[in-house]
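Data block below; observations after.
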Amino acid sequence: MIDIIIGHYNYWIVILLMMAGFYTVINRGNLIKKIAGLNIFQTSVFLLYISIGYVNEGTTPIIAEGFTRYANPLPHVLILTAIVVGVSTTALGLALVVRIKRAYGTIEEDEIHDKDMSL
Amino acid sequence: MIEQNLCLLLVVIPLIAAPVTAMLPAGRSPWLFTLVITWLCFALSIWQLTIVLDGSTISYELGGWAPPWGIEYHIDALNAFVALIVSGIAAITLPYALRTVEKEIQLQETSLFYALFLLCLVGLLGIAQTGDVFNLFVFLEISSLSSYVLIAMGKQRRALTAAYQYLIMGSIGATFLLIGIGLIYAETGTLNMQDLHQRLQPILDHRTVHTGFVFMVVGIALKLALFPLHLWLPNAYKYSPSAISVFLSATATKVAVYIMLRMVFTVFSTSFLKITHTEFIFLILGAFGVIVASMAAIVQHDLKRILAYSSIAQISYMVLGMGFASTLGITATVVHVFNHALMKGALFMAAGAIVYRVGSSRFENIYGIGRQMPWTFAAIFVSGLSLIGIPGTAGFISKWYFMLAALEQQAWLIAFVILLGSLLSVVYMWKIFEALFFHRLACTAPPVTEAPLSMMLPMWTLVLANIYFGINTELTVGVAETAVRLLGVTAYHE
Amino acid sequence: MKHNLVLRFITKYLFPVIALFALYVQFHGDYGPGGGFQAGVILSVAFILYAMVFGMETIEQVLPLGLLRILASAGVLIYSGTGVITLLMGGNFLDYDILSLRPIQGQHIGIMVIELGVGITVSAVMLIIFYAFSDRRNHD
């Protein structure tokens with residue numbers, strides 16, 4: 001039982017962050033808070049990838065004298081790409097929020113909905 | 001040298017053209033440059049299809065690294081078919097886009113608009129060509145990000161909220177796909193699709209593999225606009241610029257159908273689909289999607305919204321075909337991917353022509369417009385007949401194959417749903433015909449002339465292609481059958 | 001913020017240090033954490049810090065928006081251009097072995113050039129995003 005909690009603590013952290021981020025995206029009405037939640041959600045996925053890439057007693061994956069075991073470099077490369085994608089999505093989302101504020105005057109989702117329906 | 005690197009050039013040529021287009025001065029030159037590039041990609045994709053038509057495959061290693069260490073482009077008939085559809089629709093949309101972009105996008109933004117169009121094309125073609133799962137995710141995000149911006153360039157301010165909602169839902173979908181890829185990678189250690197297929201076979205009962213599969217399917221379903229996850233699609237298609245409505249409706253969701261086919265049938269196998277009973281989920285969601293989306297289409301007051309809900313219904317048909325998990329079912333799905341691109345492309349082109357002349361697509365503004373724009377209305381009429389499934393048009397072929405797949409498995413309820421979907425499409429198509437042609441003119445409408453020739457020619461090319469591919473099915477059904485054979489789907493046997 | 005003496009001094013002192021660190025991260029990506037993306041972000045941070053303390057007009061004189069857009073496109077073209085050069089020299093796309101007589105040196109050259117392209121594009125894009133968000137011309 002203890003092994004499930006302590007041995008897999010990386011997965012527990014991933015699940016916690018994932019659910020926190022996902023809940024924020026769905027529940028919060030403020031557009032910027034949604035983007036922040038999306039960011040937390042994506043960060044949890046990065047943690048998942050990196051934590052499964054660790055090799056026991058492995059060192060950094062750069063060839064050096066005297067080391068035979070290296071950690072897996074592929075997840076790091078995948079996460080670098082995914083981080084760039086996440087940054088682009090965040091920048092795009094925030095730019096859209098700036099334009100929405102300029103067009104509607106508000107960034108609360110229900111107020112925007114009312115303004116659309118009242119036309 | 002070109003033949004050796006053919007599958008790669010399809011992705012690299014628009015990739016180099018996109019930043020060059022961003023640097024061009026505003027005016028006609030971005031459009032002309034993009035036109036040349038898309039026509040070049042179309043020619044290359046036709047060449048690629050002729051190479052793999054007989055069932056052979058092309059394998060191309062990026063960077064000289066052999067798979068599974070390196071990224072590999074593995075082209076078989078299905079890849080080449082999807083690449084043909086994407087580049088073909090792009091090539092047809094560009095002549096159409098000249099007039100509508102001039103009217104809807106501000107002049108200083110046109111070079112960026114065409115650069116983003118090329119980036120979207122890069123993403124979609126890259127998805128069609130790649131044989132590596134993570135590379136597929138990267139290209140999916142490239143195409144999604146550029147399509148968010150392209151949708152946000154619509155004239156009305158609701159385009160911004162539509163793009164924002166699509167961004168949130170699309171990013172969640174892509175992140176789910178990323179989680180699925182991560183779990184599968186944790187189990188097998190490879191990212192190459194062919195290698196994954198072999199390494200997953202002995203471990204198919206592990207819970208991690210099931211979880212990864214679920215995350216992948218849900219993520220792709222969000223991009224696909226499968227029934228409960230379709231909320232972003234009507235707004236996105238309604239408020240985007242006309243050329244983007246045409247391009248995205250005919251390609252983006254079809255490429256997501258291709259991703260689903262590739263993931264479910266190549267990476268995991270057909271037997272996995274049956275073990276986890278995913279086929280029932282596809283059947284149920286597809287059936288509900290057909291009925292609910294068609295009924296939602298009937299009560300809309302706007303032409304583009306009816307077409308958007310009809311797109312959701314047609315995509316649900318394709319998912320139904322996947323749910324059958326037999327040769328006939330997947331053949332029907334692949335044929336419908338092609339035919340629906342033709343049908344919806346023509347319909348959205350006609351809707352864009354009406355918006356170009358009138359300025360709105362709400363029914364109250366366009367009553368009776370069909371009498372003043374007879375050629376546009378004729379295009380809507382023929383494409384509408386194809387959507388319903390009248391014999392002699394392309395839509396009939398796909399509906400026929402769907403019915404055959406349903407009857408082969410004696411799924412009477414699903415066959416009834418397919419027929420009911422066709423009847424409901426008759427209802428909303430008749431609503432369009434009646435409003436456009438038989439209704440008296442809207443009082444506020446000034447007299448309009450026919451759509452310009454640069455918009456009429458691409459529209460009628462697609463309409464005539466509809467009729468041609470409804471009569472001569474050698475290309476579509478032949479390629480579909482080769483593709484299905486290579487996917488490893490077996491015929492249904494009880 | 002330019003009235004605060006401590007901020008002014010520290011920013012003027014830190015700007016070249018940050019830029020140097022960005023170049024270090026860029027070219028040591030082979031042997032330590034680093035590479036194009038990280039270096040691009042750090043370099044743009046130097047400019048953004050200067051703009052936040054001294055005002056945007058100062059960096060707009062050095063890096064106008066048109067130049068940044070051209071730099072962003074140029075970085076992507078450097079990356080794809082390297083791939084096309086390897087194609088023209090006979091190998092596959094991005095097959096760095098072809099680039100030099102010894103394959104290892106070819107790999108080194110290839111990686112360095114594409115990371116340079118990535119670094120240029122990322123720093124230009126980060127600055128363009130900063131310009132777009134802090135631009136006061138069209139604000140209400």
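Following the order of the structure tokens, first chain is A, next is B, and so on, with residues numbered from 1 inside each chain and ligands from 1 in the order they appear.
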
Contact residues (chain C, partner chain A, 10 Å, only C-alpha atoms) as a list in words |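 Contact residues on the first chain: Asp30, Tyr31, Gly32, Pro33, Phe37, Gln38, Val122, Val125, Met126, Ile129, Phe130, Ala132, Phe133, Asn138, His139 and Asp140 of chain C.
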
request  = Could you give me, as a list of chain:residue names, each residue of range 273-305 of chain B that DSSP assigns to helix (DSSP H, G or I) when run on this structure's backbone?
outcome  =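 Selection result, helix (DSSP H, G or I) within range 273-305 of chain B: B:Leu273, B:Lys274, B:Ile275, B:Thr278, B:Glu279, B:Phe280, B:Ile281, B:Phe282, B:Leu283, B:Ile284, B:Leu285, B:Gly286, B:Ala287, B:Phe288, B:Gly289, B:Val290, B:Ile291, B:Val292, B:Ala293, B:Ser294, B:Met295, B:Ala296, B:Ala297, B:Ile298, B:Leu303, B:Lys304, B:Arg305.
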
Can you spit out the residues from that selection as a CSV table (one decimal), in the first residue's frame, using N, CA and C atoms?
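This is the output file again_21.csv:
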```csv
chain,number,residue,atom,x,y,z
B,273,LEU,N,-9.5,-3.3,-31.2
B,273,LEU,CA,-10.8,-2.5,-31.2
B,273,LEU,C,-11.9,-3.4,-30.8
B,274,LYS,N,-11.9,-4.6,-31.1
B,274,LYS,CA,-13.0,-5.5,-30.8
B,274,LYS,C,-12.9,-5.9,-29.3
B,275,ILE,N,-11.7,-6.1,-28.8
B,275,ILE,CA,-11.5,-6.5,-27.4
B,275,ILE,C,-12.0,-5.5,-26.5
B,278,THR,N,-14.5,-0.8,-28.4
B,278,THR,CA,-14.6,0.6,-28.9
B,278,THR,C,-15.5,0.7,-30.1
B,279,GLU,N,-15.7,-0.4,-30.8
B,279,GLU,CA,-16.5,-0.3,-32.0
B,279,GLU,C,-17.9,0.1,-31.6
B,280,PHE,N,-18.4,-0.4,-30.4
B,280,PHE,CA,-19.7,-0.1,-30.0
B,280,PHE,C,-19.8,1.4,-29.7
B,281,ILE,N,-18.7,1.9,-29.0
B,281,ILE,CA,-18.7,3.4,-28.7
B,281,ILE,C,-18.8,4.2,-30.0
B,282,PHE,N,-18.0,3.8,-31.0
B,282,PHE,CA,-18.1,4.5,-32.3
B,282,PHE,C,-19.5,4.4,-32.9
B,283,LEU,N,-20.1,3.2,-32.8
B,283,LEU,CA,-21.4,3.1,-33.4
B,283,LEU,C,-22.4,3.9,-32.7
B,284,ILE,N,-22.4,3.9,-31.4
B,284,ILE,CA,-23.4,4.7,-30.7
B,284,ILE,C,-23.2,6.2,-30.9
B,285,LEU,N,-22.0,6.6,-30.7
B,285,LEU,CA,-21.7,8.0,-30.8
B,285,LEU,C,-22.0,8.5,-32.3
B,286,GLY,N,-21.6,7.7,-33.2
B,286,GLY,CA,-21.9,8.0,-34.6
B,286,GLY,C,-23.4,8.1,-34.9
B,287,ALA,N,-24.1,7.2,-34.4
B,287,ALA,CA,-25.6,7.2,-34.6
B,287,ALA,C,-26.2,8.4,-34.0
B,288,PHE,N,-25.8,8.7,-32.7
B,288,PHE,CA,-26.4,9.9,-32.1
B,288,PHE,C,-26.0,11.1,-32.8
B,289,GLY,N,-24.7,11.1,-33.3
B,289,GLY,CA,-24.2,12.3,-34.0
B,289,GLY,C,-25.0,12.6,-35.2
B,290,VAL,N,-25.3,11.5,-36.0
B,290,VAL,CA,-26.1,11.7,-37.2
B,290,VAL,C,-27.4,12.3,-36.9
B,291,ILE,N,-28.1,11.7,-35.9
B,291,ILE,CA,-29.5,12.2,-35.7
B,291,ILE,C,-29.5,13.6,-35.0
B,292,VAL,N,-28.7,13.8,-34.0
B,292,VAL,CA,-28.8,15.0,-33.3
B,292,VAL,C,-28.3,16.2,-34.1
B,293,ALA,N,-27.2,16.0,-34.9
B,293,ALA,CA,-26.7,17.1,-35.7
B,293,ALA,C,-27.6,17.4,-36.8
B,294,SER,N,-28.2,16.4,-37.5
B,294,SER,CA,-29.2,16.6,-38.5
B,294,SER,C,-30.4,17.4,-38.0
B,295,MET,N,-30.9,17.0,-36.8
B,295,MET,CA,-32.0,17.7,-36.3
B,295,MET,C,-31.7,19.1,-35.9
B,296,ALA,N,-30.4,19.3,-35.4
B,296,ALA,CA,-30.0,20.7,-35.0
B,296,ALA,C,-29.9,21.5,-36.3
B,297,ALA,N,-29.5,20.9,-37.4
B,297,ALA,CA,-29.4,21.6,-38.7
B,297,ALA,C,-30.7,22.1,-39.1
B,298,ILE,N,-31.8,21.4,-38.8
B,298,ILE,CA,-33.1,21.8,-39.4
B,298,ILE,C,-33.6,23.1,-38.8
B,303,LEU,N,-27.4,30.0,-43.2
B,303,LEU,CA,-27.0,29.1,-44.2
B,303,LEU,C,-25.7,28.4,-43.7
B,304,LYS,N,-24.7,29.2,-43.3
B,304,LYS,CA,-23.5,28.5,-42.9
B,304,LYS,C,-23.6,27.6,-41.7
B,305,ARG,N,-24.5,28.0,-40.8
B,305,ARG,CA,-24.7,27.1,-39.6
B,305,ARG,C,-25.3,25.8,-40.0
```

Taking only residues of chain B that have an atom at most 9 Å from an atom of chain A, what is each one's shortest atom pair and its distance in Å to one decimal, using only C-alpha atoms, in chain and number order, as JSON lines?
```
{"residue": "B:Phe134", "atom": "CA", "partner": "A:Leu78", "partner_atom": "CA", "distance": 7.7}
{"residue": "B:Val138", "atom": "CA", "partner": "A:Thr81", "partner_atom": "CA", "distance": 7.8}
{"residue": "B:Glu141", "atom": "CA", "partner": "A:Val85", "partner_atom": "CA", "distance": 7.2}
{"residue": "B:Ile142", "atom": "CA", "partner": "A:Val85", "partner_atom": "CA", "distance": 8.3}
{"residue": "B:Leu145", "atom": "CA", "partner": "A:Thr89", "partner_atom": "CA", "distance": 7.0}
{"residue": "B:Tyr148", "atom": "CA", "partner": "A:Leu92", "partner_atom": "CA", "distance": 8.5}
{"residue": "B:Val149", "atom": "CA", "partner": "A:Leu92", "partner_atom": "CA", "distance": 7.9}
{"residue": "B:Ala152", "atom": "CA", "partner": "A:Leu96", "partner_atom": "CA", "distance": 7.9}
{"residue": "B:Arg157", "atom": "CA", "partner": "A:Ala103", "partner_atom": "CA", "distance": 6.4}
{"residue": "B:Arg158", "atom": "CA", "partner": "A:Asp116", "partner_atom": "CA", "distance": 7.6}
{"residue": "B:Leu160", "atom": "CA", "partner": "A:Ile100", "partner_atom": "CA", "distance": 6.3}
{"residue": "B:Thr161", "atom": "CA", "partner": "A:Ile100", "partner_atom": "CA", "distance": 7.1}
{"residue": "B:Ala163", "atom": "CA", "partner": "A:Leu96", "partner_atom": "CA", "distance": 8.0}
{"residue": "B:Tyr164", "atom": "CA", "partner": "A:Leu96", "partner_atom": "CA", "distance": 6.6}
{"residue": "B:Leu167", "atom": "CA", "partner": "A:Gly93", "partner_atom": "CA", "distance": 7.1}
{"residue": "B:Ile168", "atom": "CA", "partner": "A:Leu38", "partner_atom": "CA", "distance": 7.6}
{"residue": "B:Ser171", "atom": "CA", "partner": "A:Thr89", "partner_atom": "CA", "distance": 7.7}
{"residue": "B:Ile172", "atom": "CA", "partner": "A:Leu38", "partner_atom": "CA", "distance": 7.4}
{"residue": "B:Thr175", "atom": "CA", "partner": "A:Gln42", "partner_atom": "CA", "distance": 6.5}
{"residue": "B:Phe176", "atom": "CA", "partner": "A:Val45", "partner_atom": "CA", "distance": 8.9}
{"residue": "B:Leu178", "atom": "CA", "partner": "A:Val45", "partner_atom": "CA", "distance": 7.6}
{"residue": "B:Ile179", "atom": "CA", "partner": "A:Val45", "partner_atom": "CA", "distance": 6.3}
{"residue": "B:Gly182", "atom": "CA", "partner": "A:Tyr49", "partner_atom": "CA", "distance": 6.1}
{"residue": "B:Leu183", "atom": "CA", "partner": "A:Tyr49", "partner_atom": "CA", "distance": 8.4}
{"residue": "B:Ala186", "atom": "CA", "partner": "A:Ile52", "partner_atom": "CA", "distance": 6.7}
```

Atoms kept (N, CA and C atoms) for selection, written as a compact mmCIF listing (two decimals), in the first residue's frame:
```
# COMPACT_ATOMS: atom_id res chain seq x y z
N PHE B 134 4.91 11.07 -32.73
CA PHE B 134 5.11 12.40 -32.15
C PHE B 134 5.17 13.46 -33.22
N VAL B 138 3.11 17.02 -33.59
CA VAL B 138 3.66 18.36 -33.88
C VAL B 138 2.94 18.97 -35.08
N GLU B 141 -0.52 20.14 -34.19
CA GLU B 141 -0.54 21.42 -33.50
C GLU B 141 -0.23 22.57 -34.44
N ILE B 142 0.67 22.35 -35.43
CA ILE B 142 0.95 23.41 -36.39
C ILE B 142 -0.32 23.77 -37.14
N LEU B 145 -2.92 25.49 -34.69
CA LEU B 145 -2.61 26.87 -34.29
C LEU B 145 -2.87 27.83 -35.45
N TYR B 148 -6.57 28.35 -35.79
CA TYR B 148 -7.18 29.25 -34.80
C TYR B 148 -7.06 30.70 -35.27
N VAL B 149 -5.85 31.05 -35.75
CA VAL B 149 -5.65 32.44 -36.17
C VAL B 149 -6.49 32.76 -37.40
N ALA B 152 -9.93 33.46 -36.49
CA ALA B 152 -10.09 34.73 -35.77
C ALA B 152 -10.04 35.92 -36.69
N ARG B 157 -17.10 40.30 -34.66
CA ARG B 157 -16.33 40.13 -33.43
C ARG B 157 -16.56 38.77 -32.82
N ARG B 158 -17.67 38.07 -33.21
CA ARG B 158 -17.88 36.73 -32.68
C ARG B 158 -16.86 35.74 -33.22
N LEU B 160 -13.78 36.12 -32.89
CA LEU B 160 -12.75 36.02 -31.86
C LEU B 160 -13.14 35.00 -30.79
N THR B 161 -14.40 35.08 -30.32
CA THR B 161 -14.80 34.11 -29.30
C THR B 161 -14.89 32.71 -29.87
N ALA B 163 -12.93 31.52 -32.24
CA ALA B 163 -11.56 31.04 -32.30
C ALA B 163 -11.05 30.69 -30.91
N TYR B 164 -11.43 31.47 -29.90
CA TYR B 164 -10.96 31.19 -28.53
C TYR B 164 -11.52 29.86 -28.05
N LEU B 167 -9.74 27.19 -29.67
CA LEU B 167 -8.39 27.05 -29.13
C LEU B 167 -8.40 26.22 -27.86
N ILE B 168 -9.31 26.55 -26.93
CA ILE B 168 -9.33 25.83 -25.66
C ILE B 168 -9.64 24.35 -25.90
N SER B 171 -6.80 22.57 -27.86
CA SER B 171 -5.58 22.32 -27.10
C SER B 171 -5.79 21.19 -26.10
N ILE B 172 -6.98 21.13 -25.51
CA ILE B 172 -7.25 20.01 -24.60
C ILE B 172 -7.17 18.70 -25.38
N THR B 175 -3.59 17.86 -26.10
CA THR B 175 -2.88 17.43 -24.90
C THR B 175 -3.29 16.01 -24.50
N PHE B 176 -4.58 15.67 -24.69
CA PHE B 176 -4.98 14.28 -24.43
C PHE B 176 -4.22 13.34 -25.35
N LEU B 178 -1.33 13.85 -26.57
CA LEU B 178 0.04 13.79 -26.08
C LEU B 178 0.16 12.84 -24.90
N ILE B 179 -0.82 12.87 -23.99
CA ILE B 179 -0.80 11.94 -22.85
C ILE B 179 -0.85 10.51 -23.35
N GLY B 182 2.42 9.53 -24.72
CA GLY B 182 3.39 9.32 -23.65
C GLY B 182 3.22 7.98 -22.98
N LEU B 183 1.96 7.57 -22.72
CA LEU B 183 1.73 6.29 -22.05
C LEU B 183 2.15 5.13 -22.96
N ALA B 186 5.82 4.95 -22.97
CA ALA B 186 6.34 4.38 -21.73
C ALA B 186 6.28 2.86 -21.78
```

Margin query: Distance cut-off 8 Å, counting only C-alpha atoms - which residues of chain B neighbour chain C? Return them as a list in words.
Written below: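 For chain B, the answer reads Met1, Asn5, Leu8, Val12, Leu15, Ile16, Pro19, Val20, Ala22, Met23, Glu61, Leu62, Gly63, Gly64 and Trp65 of chain B.
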
Problem - Spatial neighbours of Ile85 in chain B, 8 Å, only C-alpha atoms, chain gap at least 4 places, as a ChimeraX atom specification - result: /B:81,89,251,338,341

_Residues within 7 Å of Ala46 in chain C, please, as a list in words. Count only C-alpha atoms; anything in the same chain fewer than 6 positions from it doesn't count._
Phe15, Ile18 and Ala19 of chain C

Q) What lies within 9 Å of Gly35 in chain C using only C-alpha atoms, ignoring chain neighbours under 3 positions off, as a ChimeraX atom specification? A) /C:25-30,32,38-40,112,115-116,118-119

For C-alpha atoms, I'd like the residues from the last selection saved as a CSV table (one decimal), in the first residue's frame.
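What ended up in part.csv:
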```csv
chain,number,residue,atom,x,y,z
C,25,VAL,CA,23.4,28.6,-23.9
C,26,GLN,CA,23.0,28.8,-27.6
C,27,PHE,CA,26.3,27.3,-28.6
C,28,HIS,CA,26.7,24.9,-25.7
C,29,GLY,CA,23.5,23.0,-26.4
C,30,ASP,CA,25.6,20.0,-27.4
C,32,GLY,CA,24.8,20.9,-21.5
C,38,GLN,CA,16.2,28.5,-24.5
C,39,ALA,CA,18.8,30.9,-25.9
C,40,GLY,CA,16.3,32.8,-27.9
C,112,MET,CA,24.9,24.4,-34.9
C,115,GLU,CA,20.0,25.8,-33.6
C,116,LEU,CA,21.2,29.2,-34.8
C,118,VAL,CA,15.8,28.4,-34.1
C,119,GLY,CA,17.5,30.9,-31.8
```

How many Å separate CA of Pro14 in chain B from CA of Thr461 in chain B?
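Between CA of Pro14 in chain B and CA of Thr461 in chain B the gap works out to 23.8 Å.
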
task = Quick one: everything within 9 Å of Val337 in chain B, counting only C-alpha atoms, minus sequence neighbours fewer than 6 positions away in the same chain. Send it as a PyMOL selection string.
result = chain B and resi 82+85+250-251+254-255+257-258+315+318+398

Atoms kept (N, CA and C atoms) for selection, written as an mmCIF file, in the first residue's frame:
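Done, and the output landed in out16.cif:
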```cif
data_model
loop_
_atom_site.group_PDB
_atom_site.id
_atom_site.type_symbol
_atom_site.label_atom_id
_atom_site.label_comp_id
_atom_site.auth_asym_id
_atom_site.auth_seq_id
_atom_site.Cartn_x
_atom_site.Cartn_y
_atom_site.Cartn_z
ATOM 1 N N VAL B 82 -5.138 10.893 -48.707
ATOM 2 C CA VAL B 82 -5.456 12.058 -47.862
ATOM 3 C C VAL B 82 -4.651 13.274 -48.313
ATOM 4 N N ILE B 85 -6.332 14.761 -51.289
ATOM 5 C CA ILE B 85 -7.525 15.538 -50.956
ATOM 6 C C ILE B 85 -7.122 16.907 -50.410
ATOM 7 N N ALA B 250 -13.486 21.252 -45.564
ATOM 8 C CA ALA B 250 -13.207 20.137 -46.467
ATOM 9 C C ALA B 250 -11.981 19.349 -46.045
ATOM 10 N N THR B 251 -11.113 19.887 -45.176
ATOM 11 C CA THR B 251 -9.883 19.155 -44.897
ATOM 12 C C THR B 251 -9.627 18.860 -43.432
ATOM 13 N N LYS B 254 -11.417 15.941 -41.854
ATOM 14 C CA LYS B 254 -11.139 14.691 -42.568
ATOM 15 C C LYS B 254 -9.774 14.159 -42.193
ATOM 16 N N VAL B 255 -8.806 15.083 -42.037
ATOM 17 C CA VAL B 255 -7.481 14.649 -41.619
ATOM 18 C C VAL B 255 -7.548 14.051 -40.224
ATOM 19 N N VAL B 257 -10.092 12.365 -39.106
ATOM 20 C CA VAL B 257 -10.608 11.012 -39.350
ATOM 21 C C VAL B 257 -9.462 10.099 -39.759
ATOM 22 N N TYR B 258 -8.551 10.635 -40.616
ATOM 23 C CA TYR B 258 -7.408 9.828 -41.031
ATOM 24 C C TYR B 258 -6.536 9.468 -39.828
ATOM 25 N N ILE B 315 -19.522 13.698 -40.528
ATOM 26 C CA ILE B 315 -18.389 13.111 -39.821
ATOM 27 C C ILE B 315 -18.858 11.958 -38.950
ATOM 28 N N MET B 318 -18.825 8.939 -40.927
ATOM 29 C CA MET B 318 -17.503 8.318 -41.088
ATOM 30 C C MET B 318 -17.131 7.521 -39.845
ATOM 31 N N SER B 398 -21.038 6.837 -51.287
ATOM 32 C CA SER B 398 -20.669 6.609 -49.890
ATOM 33 C C SER B 398 -21.846 6.061 -49.089
#
```

**OP:** Using DSSP on the backbone coordinates, identify the residues of range 60-283 of chain B assigned to strand (DSSP E); present them as number ranges by chain.
**Re:** B: 60-61, 72-75

Give me, as a CSV table (one decimal) with N, CA and C atoms, in the first residue's frame, all polymer residues having an atom no more than 6 Å from range 374-386 of chain B, counting only C-alpha atoms and skipping those fewer than 5 positions away in the same chain.
```csv
chain,number,residue,atom,x,y,z
B,343,MET,N,-18.3,17.6,-51.6
B,343,MET,CA,-19.6,18.2,-51.4
B,343,MET,C,-19.6,19.5,-50.6
B,347,LEU,N,-20.4,23.4,-51.4
B,347,LEU,CA,-21.5,24.1,-50.6
B,347,LEU,C,-21.0,25.3,-49.9
B,350,ALA,N,-20.3,28.1,-52.4
B,350,ALA,CA,-21.5,28.8,-52.8
B,350,ALA,C,-22.0,29.7,-51.7
B,393,THR,N,-24.7,10.9,-58.0
B,393,THR,CA,-23.7,11.8,-57.4
B,393,THR,C,-22.8,11.0,-56.5
B,394,ALA,N,-21.8,11.7,-56.1
B,394,ALA,CA,-20.8,11.1,-55.2
B,394,ALA,C,-21.3,10.7,-53.9
B,395,GLY,N,-22.2,11.4,-53.3
B,395,GLY,CA,-22.8,11.1,-52.0
B,395,GLY,C,-23.5,9.8,-52.0
```
